[in-house]
Each structure stands twice: as C-alpha cells, then as structure tokens.
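The structure appears right after this line, and notes come after that.
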Amino acid sequence: MNDRRTRILALVAEAYIERATPVPSSWIADRLGVSGATVRSEFAALEEAGLLAQPHTSAGRLPTAEGFRRYAGALLPPRPLAPRLRERLAAHLAALHGRALLQGVASTASDLAGYAVVLELPADADVRALEVHLSPLSSCRLLAVAVLENGLTRDALVPIDPAPTPDVLDETERLVRDLALPLPAMPDALRARARSVGDGIRRTLDALADAWPTLHETEIVSTGLSRLFDEPESADPDFLRRATRRLEGGGRDPADVEATGPLALGYDEDVALVQADVPLHHGPGRLTLVGPARMRYAEAFSAAQGVRRALRAAGEAA
C-alpha cells in the first residue's frame with residue numbers, strides 16, 4: 001500500500017460511510033487532482049488486494065470488510081471523549097449497581113456511538129447465591145430466583161409435578177442458603193443434600209439441581225435495536241437477521257474479530273462489531289457495538305474506549 005492507495009481507500013471509505021452508495025472514480029480524481037484513468041488503475045490494484053469491490057459493472061467502488069478493517073485501523077488510538085463528559089459518565093456509572101449497571105453501560109454506549117449494543121458478563125465461577133426464592137407458577141412448575149453476591153439476580157424454571165407445599169419450599173430455601181457454595185458447585189451439593197432428607201424436600205432439591213445451570217449462564221444485556229432501522233442496510237432482511245443474532249447471542253463466533261490494542265474489530269458479512277473489554281463491579285465484561293460495515297468508526301471507537309475508561313474511573317473512585 002503506497003500513500004496514494006492508502007489515501008484513495010480512506011476517501012472511498014469515508015464517502016461510502018456518508019452516502020451509502022458506491023464511489024465513482026471521477027469523484028476521487030477530483031479530490032486528488034489526478035486523471036480518472038489513474039484512479040481506475042489504483043482501483044484495480046485495491047480490488048486485487050481485496051480492499052475494494054465493485055458491486056456491478058460500471059458502478060463505483062466500495063470497501064470490502066478487509067478494506068474497512070484497514071481503514072478503521074488507521075483511526076486508532078481513538079480520539080478521547082472530552083474530560084467533562086468522561087467525569088459525568090464515571091459519576092453516573094458509579095451510582096449504578098446490579099443489573100441497572102449493565103443496562104446503564106449498554107444504553108450509554110449506544111447513545112454515544114449511535115449504534116446497537118450488546119454487553120456480556122461471563123458467568124463467574126466464584127460467585128455465590130445469597131438467597132434462592134422458590135415460588136409456584138403452576139401445579140407442576142416453580143420459579144427459582146437467585147440473588148447473587150455480585151448484586152445480580154438470576155431466575156430459572158423448575159419443572160416438578162406435583163408442586164411442593166409452602167412448608168417444603170421454605171425448608172428447601174433454608175437448606176440452599178446454608179450451603180453457601182459457588183454456583184458451579186451447587187448442583188452436586190443439592191443432590192448430596194437430597195439423599196439425607198424426606199421425600200418432598202428431596203424431590204424439590206433434585207429438581208432445583210437439574211435446573212441450576214440456568215442460574216449460571218453468561219448475562220447478556222442489549223439495547224439500541226431501533227437504531228439499526230435508521231441505517232439504509234435495514235432494507236435488507238439478511239442484514240437485520242445477522243445484526244439481531246449478534247444482539248441476542250453476543251459478539252462470539254463466527255465473526256472474525258481481531259484485537260487492535262484495547263479494542264477489537266470484526267465482521268459478520270455486512271455487520272460490523274467493535275468490541276472492548278470493560279471492568280464491571282461484577283467482574284470483566286465485553287461491550288460490543290453492532291452496526292453496518294459502513295460504520296462511523298471514529299465515533300464508535302471513541303464511545304467504546306470512553307465507556308471503558310469511565311468504568312475504570314468509577315471503579316477506582318469506589
């Protein structure tokens with residue numbers, strides 16, 4: 001990549017981000033003060049390198065995923081948020097706890113970047129349940145709500161027929177509270193405890209043990225889906241399907257996500273993902289901005305880094 005090709009790639013990316021239409025060689029030629037033939041020759045070289053694509057004959061060019069990755073990498077490290085804004089963000093996030101913090105982080109990042117956001121908090125192998133509340137939903141099903149020591153709550157449906165009596169539920173809750181073990185160790189401990197109690201409590205403990213893994217899953221909070229409908233790509237159902245899948249399941253495979261310092265950038269066809277590891281009160285989390293490949297990368301990078309730094313400052317203040 002010589003300087004001129006780097007400049008042409010940046011011009012094509014910026015114009016396509018702004019207009020969402022392929023960029024003609026004449027527009028680039030006017031900006032650089034060179035002939036159209038020279039730009040077309042450079043277009044061909046950039047296409048051969050896999051950085052530009054031509055949607056159809058006689059159309060202009062647009063960046064490929066690799067072209068966007070190359071362009072976006074030149075914008076790192078991102079421009080920091082204004083100091084006063086960082087201070088306000090840190091104070092705002094420091095006042096939030098439990099699930100309200102997760103929702104606050106996601107909505108703040110979405111507001112700053114203008115894109116949809118998914119925030120993932122992986123299951124913590126050391127966290128314990130302080131309380132587990134069991135409530136009958138029907139004659140054959142319970143709702144278990146676990147209050148975790150990190151301030152979050154988790155719930156699970158517990159099939160059991162017939163449903164236990166209130167006395168059995170109270171005693172089961174007491175036994176679970178007395179165990180006070182990390183979440184992954186609880187199923188085996190519940191089954192072991194079930195072997196030494198009466199039939200009603202035994203059935204309830206065994207049923208709770210079967211349902212327990214649901215209480216120990218990655219926490220996912222997403223917001224900003226409506227922002228995707230503001231993008232021209234929303235006319236494509238496949239784009240919306242891929243983006244929604246990311247919001248529902250997080251920023252995991254099959255996207256090719258590559259770390260670039262504290263930030264990571266990846267693509268799932270025409271869906272772009274900007275990721276940052278973020279320090280939460282509950283443990284390390286992962287923030288992912290979800291938008292079109294035609295993403296406003298400078299703003300997205302600044303938002304992801306800004307939220308990351310605000311959370312770090314909030315943690316240090318606490």
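Chain lettering (A, B, ...) mirrors the order of the structure tokens, residue numbering begins at 1 for each chain separately, and ligand numbering begins at 1 in order of display.
Once Arg31 (chain A) and its same-chain neighbours fewer than 5 positions away are set aside, A:Arg4, A:Arg7, A:Ile8, A:Ala10, A:Leu11, A:Val12, A:Ala15, A:Pro24, A:Ser25, A:Ser26, A:Gly36, A:Val39 remain within 12 Å of it when counting only C-alpha atoms.
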Restricted to C-alpha atoms, what would the selected residues look like written as a PDB file, in the first residue's frame?
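Result written to out_20.pdb:
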```
ATOM      1  CA  ARG A   4      -1.846   7.267  -2.797  1.00  0.00           C
ATOM      2  CA  ARG A   7      -5.491   7.888   0.609  1.00  0.00           C
ATOM      3  CA  ILE A   8      -7.873   6.505  -2.040  1.00  0.00           C
ATOM      4  CA  ALA A  10      -9.714   6.320   3.015  1.00  0.00           C
ATOM      5  CA  LEU A  11     -11.619   8.595   0.615  1.00  0.00           C
ATOM      6  CA  VAL A  12     -13.758   5.718  -0.673  1.00  0.00           C
ATOM      7  CA  ALA A  15     -17.622   8.758   1.146  1.00  0.00           C
ATOM      8  CA  PRO A  24     -17.080   6.706  -8.678  1.00  0.00           C
ATOM      9  CA  SER A  25     -13.523   7.185  -9.888  1.00  0.00           C
ATOM     10  CA  SER A  26     -14.362  10.716 -11.104  1.00  0.00           C
ATOM     11  CA  GLY A  36      -9.770   9.258 -13.925  1.00  0.00           C
ATOM     12  CA  VAL A  39      -7.778   6.367 -10.191  1.00  0.00           C
TER      13      VAL A  39
END
```
Give me, as a CSV table (one decimal) with all heavy atoms, in the first residue's frame, all polymer residues having an atom no more than 7 Å from region 296-299 of chain A, counting only C-alpha atoms and skipping those fewer than 3 positions away in the same chain.
```csv
chain,number,residue,atom,x,y,z
A,17,ILE,N,-19.3,5.7,3.8
A,17,ILE,CA,-19.9,5.8,5.1
A,17,ILE,C,-20.9,6.9,5.1
A,17,ILE,O,-22.0,6.7,5.7
A,17,ILE,CB,-18.8,6.0,6.2
A,17,ILE,CG1,-18.0,4.7,6.4
A,17,ILE,CG2,-19.4,6.5,7.5
A,17,ILE,CD1,-16.7,4.9,7.2
A,72,ALA,N,-10.2,1.5,9.2
A,72,ALA,CA,-10.5,1.7,10.6
A,72,ALA,C,-9.3,1.6,11.5
A,72,ALA,O,-9.2,2.4,12.5
A,72,ALA,CB,-11.6,0.7,11.1
A,75,LEU,N,-7.5,4.7,12.3
A,75,LEU,CA,-8.2,5.7,13.2
A,75,LEU,C,-7.8,5.4,14.7
A,75,LEU,O,-8.3,6.1,15.6
A,75,LEU,CB,-9.7,5.6,13.1
A,75,LEU,CG,-10.2,5.9,11.6
A,75,LEU,CD1,-11.7,5.7,11.6
A,75,LEU,CD2,-9.8,7.3,11.2
A,78,PRO,N,-8.3,5.9,19.3
A,78,PRO,CA,-9.3,6.9,19.0
A,78,PRO,C,-9.2,8.2,19.8
A,78,PRO,O,-8.4,8.3,20.7
A,78,PRO,CB,-10.6,6.1,19.5
A,78,PRO,CG,-10.1,5.2,20.6
A,78,PRO,CD,-8.7,4.8,20.1
A,113,ALA,N,-22.4,6.2,20.6
A,113,ALA,CA,-22.0,5.7,19.3
A,113,ALA,C,-23.1,5.8,18.3
A,113,ALA,O,-22.8,6.0,17.1
A,113,ALA,CB,-21.5,4.3,19.4
A,302,SER,N,-14.4,5.9,19.8
A,302,SER,CA,-14.3,6.8,20.9
A,302,SER,C,-15.4,6.5,22.0
A,302,SER,O,-15.1,6.6,23.2
A,302,SER,CB,-14.6,8.3,20.4
A,302,SER,OG,-13.6,8.7,19.6
A,303,ALA,N,-16.5,6.0,21.6
A,303,ALA,CA,-17.6,5.6,22.5
A,303,ALA,C,-17.1,4.4,23.3
A,303,ALA,O,-17.3,4.4,24.6
A,303,ALA,CB,-18.9,5.3,21.8
```
- [ ] Mind giving me the straight-line distance from CA of Gly67 (chain A) to CA of Ala116 (chain A) in Å, one decimal?
- [x]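 Interatomic distance, CA of Gly67 (chain A) to CA of Ala116 (chain A): 22.4 Å.
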(request) Would you kindly return, as number ranges by chain, each protein, DNA or RNA residue with an atom no farther than 10 Å from any atom of Glu131 (chain A), considering only C-alpha atoms and excluding same-chain residues fewer than 5 positions away? (result) A: 145-149, 153, 173-174, 176-178, 180
Selection export as a CSV table (one decimal), in the first residue's frame, atoms kept: C-alpha atoms:
```
chain,number,residue,atom,x,y,z
A,145,VAL,CA,-34.9,-16.6,41.7
A,146,ALA,CA,-31.3,-16.5,42.9
A,147,VAL,CA,-29.9,-13.3,44.5
A,148,LEU,CA,-26.2,-13.3,43.8
A,149,GLU,CA,-23.5,-11.8,45.9
A,153,THR,CA,-30.4,-11.8,40.2
A,173,GLU,CA,-34.8,-22.3,50.6
A,174,ARG,CA,-33.2,-22.6,54.1
A,176,VAL,CA,-29.9,-23.9,49.9
A,177,ARG,CA,-29.0,-20.8,51.9
A,178,ASP,CA,-27.0,-22.9,54.4
A,180,ALA,CA,-23.4,-21.1,50.6
```
For this session: Can you work out which one of A:Ala207, A:Ala49, A:Ala293, A:Ala310 has the shortest atom-to-atom distance to Ala94 (chain A), counting only C-alpha atoms?
Result: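 Using only C-alpha atoms, Ala94 (chain A) sits closest to A:Ala310.
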| said: So, with only C-alpha atoms as the atoms that count, which of A:Leu81, A:Leu215, A:Asp111, A:Ala194 lies closest to Ala129 (chain A)? | reply: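 Nearest candidate to Ala129 (chain A) out of A:Leu81, A:Leu215, A:Asp111, A:Ala194: A:Leu215.
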From the options A:Val117, A:Ala123, A:Ala313, A:Leu76, which residue's atoms come nearest to Gly283 (chain A), counting only C-alpha atoms?
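The closest residue to Gly283 (chain A) is A:Ala123.
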### Message
Report, in Å to a single decimal, how far apart CA of Ala125 (chain A) and CA of Thr172 (chain A) are.
### Response
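One can read the CA of Thr172 (chain A) to CA of Ala125 (chain A) distance as 23.0 Å.
The space between CA of Ala37 (chain A) and CA of Ala65 (chain A) spans 25.3 Å.
Look at Thr223 (chain A): the protein and nucleic acid residues within 9 Å of it, using only C-alpha atoms and passing over chain neighbours fewer than 3 places away, are Gln103, Ala106, Ser107, Ser110, Tyr115, Ala116, Val117, Val118, Leu119, Ser226 and Leu247 of chain A.
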Please produce a file of the residues just selected, as a CSV table (one decimal), in the first residue's frame, where the atoms kept are N, CA, C and O atoms.
```csv
chain,number,residue,atom,x,y,z
A,103,GLN,N,-27.4,-2.4,32.3
A,103,GLN,CA,-28.3,-1.6,31.4
A,103,GLN,C,-27.7,-0.2,31.2
A,103,GLN,O,-27.8,0.3,30.0
A,106,ALA,N,-24.8,-0.3,28.7
A,106,ALA,CA,-25.2,-0.6,27.3
A,106,ALA,C,-25.9,0.6,26.7
A,106,ALA,O,-25.6,1.0,25.6
A,107,SER,N,-26.8,1.3,27.5
A,107,SER,CA,-27.5,2.4,26.9
A,107,SER,C,-26.6,3.6,26.7
A,107,SER,O,-26.7,4.4,25.7
A,110,SER,N,-24.6,3.0,23.6
A,110,SER,CA,-25.5,3.2,22.4
A,110,SER,C,-25.7,4.6,22.1
A,110,SER,O,-25.7,5.1,20.9
A,115,TYR,N,-25.3,3.3,17.8
A,115,TYR,CA,-25.5,2.0,17.2
A,115,TYR,C,-26.1,1.1,18.3
A,115,TYR,O,-26.1,1.5,19.5
A,116,ALA,N,-26.5,-0.1,17.9
A,116,ALA,CA,-27.0,-1.1,18.8
A,116,ALA,C,-25.8,-1.6,19.7
A,116,ALA,O,-24.6,-1.5,19.2
A,117,VAL,N,-26.1,-2.1,20.9
A,117,VAL,CA,-25.0,-2.5,21.8
A,117,VAL,C,-25.5,-3.8,22.5
A,117,VAL,O,-26.6,-4.0,22.8
A,118,VAL,N,-24.5,-4.7,22.6
A,118,VAL,CA,-24.7,-5.9,23.5
A,118,VAL,C,-23.6,-5.9,24.5
A,118,VAL,O,-22.4,-5.7,24.2
A,119,LEU,N,-23.9,-6.1,25.8
A,119,LEU,CA,-23.0,-6.2,26.9
A,119,LEU,C,-23.1,-7.6,27.5
A,119,LEU,O,-24.2,-8.0,27.8
A,226,SER,N,-33.5,-0.4,17.6
A,226,SER,CA,-34.2,0.5,16.7
A,226,SER,C,-33.2,1.4,15.9
A,226,SER,O,-33.5,1.9,14.8
A,247,LEU,N,-27.1,-9.3,18.7
A,247,LEU,CA,-27.6,-8.7,19.9
A,247,LEU,C,-28.2,-9.8,20.9
A,247,LEU,O,-28.1,-9.6,22.1
```
#### Entry: Exercise: Cys140 (chain A) partners within 12 Å, only C-alpha atoms, chain neighbours under 4 positions left out, as a list in words
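Residues meeting the cut-off are Ser135, Pro136, Leu157, Val158, Pro159, Ile160, Asp161, Pro162, Ala163, Pro164, Thr165, Thr204 and Ala207 of chain A.
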Shell around Gly285 (chain A) at 9 Å using only C-alpha atoms, local window under 5 positions removed, as a PDB file with C-alpha atoms, in the first residue's frame:
```
ATOM      1  CA  LEU A 119     -22.979  -6.215  26.855  1.00  0.00           C
ATOM      2  CA  GLU A 120     -21.892  -9.655  28.062  1.00  0.00           C
ATOM      3  CA  LEU A 121     -20.947 -10.613  31.608  1.00  0.00           C
ATOM      4  CA  PRO A 122     -19.480 -14.143  31.620  1.00  0.00           C
ATOM      5  CA  ALA A 276     -13.969  -3.572  24.198  1.00  0.00           C
ATOM      6  CA  ASP A 277     -13.306  -5.422  27.430  1.00  0.00           C
ATOM      7  CA  VAL A 278     -14.854  -3.389  30.239  1.00  0.00           C
ATOM      8  CA  PRO A 279     -14.343  -3.573  34.031  1.00  0.00           C
ATOM      9  CA  LEU A 280     -17.692  -4.028  35.799  1.00  0.00           C
TER      10      LEU A 280
END
```
**Report entry** Expected answer as a ChimeraX atom specification: helix (DSSP H, G or I) residues in region 117-204 of chain A
**Finding:** /A:166-179,183-194,199-204
Region 183-270 of chain A: residues DSSP assigns to strand (DSSP E or B), reported as a PDB file with all heavy atoms, in the first residue's frame:
```pdb
ATOM      1  N   GLU A 219     -24.514 -13.455  31.373  1.00  0.00           N
ATOM      2  CA  GLU A 219     -25.556 -12.428  31.396  1.00  0.00           C
ATOM      3  C   GLU A 219     -25.403 -11.562  30.145  1.00  0.00           C
ATOM      4  O   GLU A 219     -24.309 -11.077  29.841  1.00  0.00           O
ATOM      5  CB  GLU A 219     -25.405 -11.569  32.649  1.00  0.00           C
ATOM      6  CG  GLU A 219     -26.515 -10.569  32.862  1.00  0.00           C
ATOM      7  CD  GLU A 219     -27.700 -11.160  33.613  1.00  0.00           C
ATOM      8  OE1 GLU A 219     -27.624 -12.323  34.031  1.00  0.00           O
ATOM      9  OE2 GLU A 219     -28.688 -10.431  33.775  1.00  0.00           O
ATOM     10  N   ILE A 220     -26.492 -11.373  29.413  1.00  0.00           N
ATOM     11  CA  ILE A 220     -26.457 -10.583  28.185  1.00  0.00           C
ATOM     12  C   ILE A 220     -27.508  -9.485  28.254  1.00  0.00           C
ATOM     13  O   ILE A 220     -28.680  -9.751  28.519  1.00  0.00           O
ATOM     14  CB  ILE A 220     -26.709 -11.465  26.944  1.00  0.00           C
ATOM     15  CG1 ILE A 220     -25.579 -12.497  26.789  1.00  0.00           C
ATOM     16  CG2 ILE A 220     -26.804 -10.619  25.679  1.00  0.00           C
ATOM     17  CD1 ILE A 220     -25.778 -13.443  25.628  1.00  0.00           C
ATOM     18  N   VAL A 221     -27.061  -8.254  28.052  1.00  0.00           N
ATOM     19  CA  VAL A 221     -27.959  -7.094  28.005  1.00  0.00           C
ATOM     20  C   VAL A 221     -27.755  -6.414  26.660  1.00  0.00           C
ATOM     21  O   VAL A 221     -26.613  -6.139  26.268  1.00  0.00           O
ATOM     22  CB  VAL A 221     -27.656  -6.105  29.148  1.00  0.00           C
ATOM     23  CG1 VAL A 221     -28.496  -4.842  28.995  1.00  0.00           C
ATOM     24  CG2 VAL A 221     -27.911  -6.747  30.506  1.00  0.00           C
ATOM     25  N   SER A 222     -28.822  -6.167  25.931  1.00  0.00           N
ATOM     26  CA  SER A 222     -28.705  -5.499  24.636  1.00  0.00           C
ATOM     27  C   SER A 222     -29.687  -4.345  24.556  1.00  0.00           C
ATOM     28  O   SER A 222     -30.723  -4.333  25.231  1.00  0.00           O
ATOM     29  CB  SER A 222     -28.962  -6.483  23.485  1.00  0.00           C
ATOM     30  OG  SER A 222     -30.275  -7.000  23.543  1.00  0.00           O
ATOM     31  N   THR A 223     -29.328  -3.374  23.733  1.00  0.00           N
ATOM     32  CA  THR A 223     -30.191  -2.207  23.543  1.00  0.00           C
ATOM     33  C   THR A 223     -29.864  -1.570  22.196  1.00  0.00           C
ATOM     34  O   THR A 223     -28.832  -1.856  21.589  1.00  0.00           O
ATOM     35  CB  THR A 223     -29.978  -1.183  24.685  1.00  0.00           C
ATOM     36  OG1 THR A 223     -30.974  -0.167  24.608  1.00  0.00           O
ATOM     37  CG2 THR A 223     -28.607  -0.534  24.606  1.00  0.00           C
ATOM     38  N   ASP A 256     -15.089 -12.798  12.512  1.00  0.00           N
ATOM     39  CA  ASP A 256     -13.635 -12.761  12.566  1.00  0.00           C
ATOM     40  C   ASP A 256     -13.249 -11.486  13.294  1.00  0.00           C
ATOM     41  O   ASP A 256     -13.139 -10.419  12.707  1.00  0.00           O
ATOM     42  CB  ASP A 256     -13.076 -12.783  11.137  1.00  0.00           C
ATOM     43  CG  ASP A 256     -11.556 -12.715  11.110  1.00  0.00           C
ATOM     44  OD1 ASP A 256     -10.942 -13.023  12.151  1.00  0.00           O
ATOM     45  OD2 ASP A 256     -11.007 -12.355  10.069  1.00  0.00           O
ATOM     46  N   VAL A 257     -13.065 -11.586  14.607  1.00  0.00           N
ATOM     47  CA  VAL A 257     -12.787 -10.417  15.438  1.00  0.00           C
ATOM     48  C   VAL A 257     -11.305 -10.395  15.767  1.00  0.00           C
ATOM     49  O   VAL A 257     -10.761 -11.379  16.270  1.00  0.00           O
ATOM     50  CB  VAL A 257     -13.624 -10.441  16.733  1.00  0.00           C
ATOM     51  CG1 VAL A 257     -13.318  -9.224  17.591  1.00  0.00           C
ATOM     52  CG2 VAL A 257     -15.108 -10.484  16.392  1.00  0.00           C
ATOM     53  N   GLU A 258     -10.651  -9.295  15.477  1.00  0.00           N
ATOM     54  CA  GLU A 258      -9.227  -9.157  15.726  1.00  0.00           C
ATOM     55  C   GLU A 258      -8.990  -8.017  16.703  1.00  0.00           C
ATOM     56  O   GLU A 258      -9.551  -6.928  16.558  1.00  0.00           O
ATOM     57  CB  GLU A 258      -8.476  -8.876  14.424  1.00  0.00           C
ATOM     58  CG  GLU A 258      -8.535 -10.024  13.425  1.00  0.00           C
ATOM     59  CD  GLU A 258      -7.759  -9.717  12.161  1.00  0.00           C
ATOM     60  OE1 GLU A 258      -7.137  -8.631  12.097  1.00  0.00           O
ATOM     61  OE2 GLU A 258      -7.781 -10.548  11.239  1.00  0.00           O
ATOM     62  N   ALA A 259      -8.155  -8.279  17.711  1.00  0.00           N
ATOM     63  CA  ALA A 259      -7.819  -7.256  18.692  1.00  0.00           C
ATOM     64  C   ALA A 259      -6.905  -6.212  18.070  1.00  0.00           C
ATOM     65  O   ALA A 259      -6.006  -6.535  17.296  1.00  0.00           O
ATOM     66  CB  ALA A 259      -7.149  -7.888  19.903  1.00  0.00           C
ATOM     67  N   THR A 260      -7.160  -4.959  18.419  1.00  0.00           N
ATOM     68  CA  THR A 260      -6.312  -3.850  17.999  1.00  0.00           C
ATOM     69  C   THR A 260      -6.085  -2.995  19.231  1.00  0.00           C
ATOM     70  O   THR A 260      -6.807  -2.047  19.503  1.00  0.00           O
ATOM     71  CB  THR A 260      -6.975  -3.009  16.892  1.00  0.00           C
ATOM     72  OG1 THR A 260      -7.432  -3.870  15.853  1.00  0.00           O
ATOM     73  CG2 THR A 260      -6.003  -2.000  16.321  1.00  0.00           C
ATOM     74  N   LEU A 263      -9.114  -2.374  21.905  1.00  0.00           N
ATOM     75  CA  LEU A 263     -10.336  -2.545  21.137  1.00  0.00           C
ATOM     76  C   LEU A 263     -10.165  -3.684  20.138  1.00  0.00           C
ATOM     77  O   LEU A 263      -9.052  -4.074  19.796  1.00  0.00           O
ATOM     78  CB  LEU A 263     -10.687  -1.253  20.389  1.00  0.00           C
ATOM     79  CG  LEU A 263     -10.898  -0.006  21.249  1.00  0.00           C
ATOM     80  CD1 LEU A 263     -11.160   1.202  20.358  1.00  0.00           C
ATOM     81  CD2 LEU A 263     -12.038  -0.200  22.219  1.00  0.00           C
ATOM     82  N   ALA A 264     -11.297  -4.233  19.696  1.00  0.00           N
ATOM     83  CA  ALA A 264     -11.276  -5.293  18.684  1.00  0.00           C
ATOM     84  C   ALA A 264     -12.314  -4.962  17.627  1.00  0.00           C
ATOM     85  O   ALA A 264     -13.342  -4.338  17.912  1.00  0.00           O
ATOM     86  CB  ALA A 264     -11.563  -6.655  19.312  1.00  0.00           C
ATOM     87  N   LEU A 265     -12.041  -5.388  16.406  1.00  0.00           N
ATOM     88  CA  LEU A 265     -12.913  -5.090  15.274  1.00  0.00           C
ATOM     89  C   LEU A 265     -13.167  -6.376  14.505  1.00  0.00           C
ATOM     90  O   LEU A 265     -12.237  -7.135  14.226  1.00  0.00           O
ATOM     91  CB  LEU A 265     -12.250  -4.051  14.366  1.00  0.00           C
ATOM     92  CG  LEU A 265     -12.983  -3.652  13.082  1.00  0.00           C
ATOM     93  CD1 LEU A 265     -14.314  -2.992  13.402  1.00  0.00           C
ATOM     94  CD2 LEU A 265     -12.105  -2.709  12.255  1.00  0.00           C
ATOM     95  N   GLY A 266     -14.431  -6.633  14.175  1.00  0.00           N
ATOM     96  CA  GLY A 266     -14.759  -7.838  13.442  1.00  0.00           C
ATOM     97  C   GLY A 266     -15.948  -7.634  12.528  1.00  0.00           C
ATOM     98  O   GLY A 266     -16.644  -6.610  12.608  1.00  0.00           O
ATOM     99  N   TYR A 267     -16.175  -8.619  11.671  1.00  0.00           N
ATOM    100  CA  TYR A 267     -17.259  -8.531  10.696  1.00  0.00           C
ATOM    101  C   TYR A 267     -17.986  -9.861  10.603  1.00  0.00           C
ATOM    102  O   TYR A 267     -17.375 -10.928  10.650  1.00  0.00           O
ATOM    103  CB  TYR A 267     -16.722  -8.136   9.315  1.00  0.00           C
ATOM    104  CG  TYR A 267     -16.123  -6.757   9.309  1.00  0.00           C
ATOM    105  CD1 TYR A 267     -14.775  -6.582   9.577  1.00  0.00           C
ATOM    106  CD2 TYR A 267     -16.916  -5.641   9.093  1.00  0.00           C
ATOM    107  CE1 TYR A 267     -14.223  -5.309   9.612  1.00  0.00           C
ATOM    108  CE2 TYR A 267     -16.375  -4.369   9.128  1.00  0.00           C
ATOM    109  CZ  TYR A 267     -15.026  -4.210   9.394  1.00  0.00           C
ATOM    110  OH  TYR A 267     -14.491  -2.961   9.445  1.00  0.00           O
ATOM    111  N   ASP A 268     -19.287  -9.780  10.482  1.00  0.00           N
ATOM    112  CA  ASP A 268     -20.134 -10.926  10.158  1.00  0.00           C
ATOM    113  C   ASP A 268     -20.842 -10.547   8.863  1.00  0.00           C
ATOM    114  O   ASP A 268     -21.921  -9.966   8.881  1.00  0.00           O
ATOM    115  CB  ASP A 268     -21.127 -11.166  11.297  1.00  0.00           C
ATOM    116  CG  ASP A 268     -21.971 -12.417  11.092  1.00  0.00           C
ATOM    117  OD1 ASP A 268     -21.834 -13.034  10.024  1.00  0.00           O
ATOM    118  OD2 ASP A 268     -22.765 -12.751  11.977  1.00  0.00           O
TER     119      ASP A 268
END
```
Of A:Ala82, A:Leu175, A:Ser41, A:Gly98, the one sitting nearest Ile201 (chain A) when using only C-alpha atoms is A:Leu175
_Within 7 Å of Glu66 (chain A) using only C-alpha atoms, minus same-chain residues under 4 positions, as an MDAnalysis selection string_ = chainID A and resid 50:51 70
Selection file, all heavy atoms, as a CSV table (one decimal), in the first residue's frame:
```csv
chain,number,residue,atom,x,y,z
A,50,GLY,N,-8.0,-7.1,-2.4
A,50,GLY,CA,-9.1,-7.4,-1.6
A,50,GLY,C,-9.7,-6.3,-0.7
A,50,GLY,O,-10.4,-6.6,0.2
A,51,LEU,N,-9.3,-5.1,-1.0
A,51,LEU,CA,-9.7,-4.0,-0.2
A,51,LEU,C,-10.9,-3.2,-0.7
A,51,LEU,O,-11.6,-2.5,0.0
A,51,LEU,CB,-8.5,-3.0,0.0
A,51,LEU,CG,-7.3,-3.6,0.6
A,51,LEU,CD1,-6.2,-2.6,0.7
A,51,LEU,CD2,-7.6,-4.2,2.0
A,70,ARG,N,-8.8,-2.2,7.3
A,70,ARG,CA,-7.6,-1.4,7.1
A,70,ARG,C,-7.8,0.1,7.4
A,70,ARG,O,-7.0,0.7,8.0
A,70,ARG,CB,-7.1,-1.7,5.7
A,70,ARG,CG,-5.8,-1.0,5.3
A,70,ARG,CD,-4.6,-1.8,5.9
A,70,ARG,NE,-4.6,-3.2,5.3
A,70,ARG,CZ,-3.9,-3.5,4.2
A,70,ARG,NH1,-3.2,-2.5,3.6
A,70,ARG,NH2,-3.9,-4.7,3.8
```
Exercise for review: Find, counting only C-alpha atoms, the residue in A:Arg128, A:Arg294, A:His133, A:His281 that gets nearest to Ala95 (chain A).
Suggested key: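 Of the candidates, the smallest distance to Ala95 (chain A) is held by A:His281.
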Nearest to Asp230 (chain A) by atom-to-atom distance, counting only C-alpha atoms, from A:Gly306, A:Gly291, A:Pro83, A:Pro284: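 Going through A:Gly306, A:Gly291, A:Pro83, A:Pro284 one by one, the smallest distance to Asp230 (chain A) is for A:Gly291.
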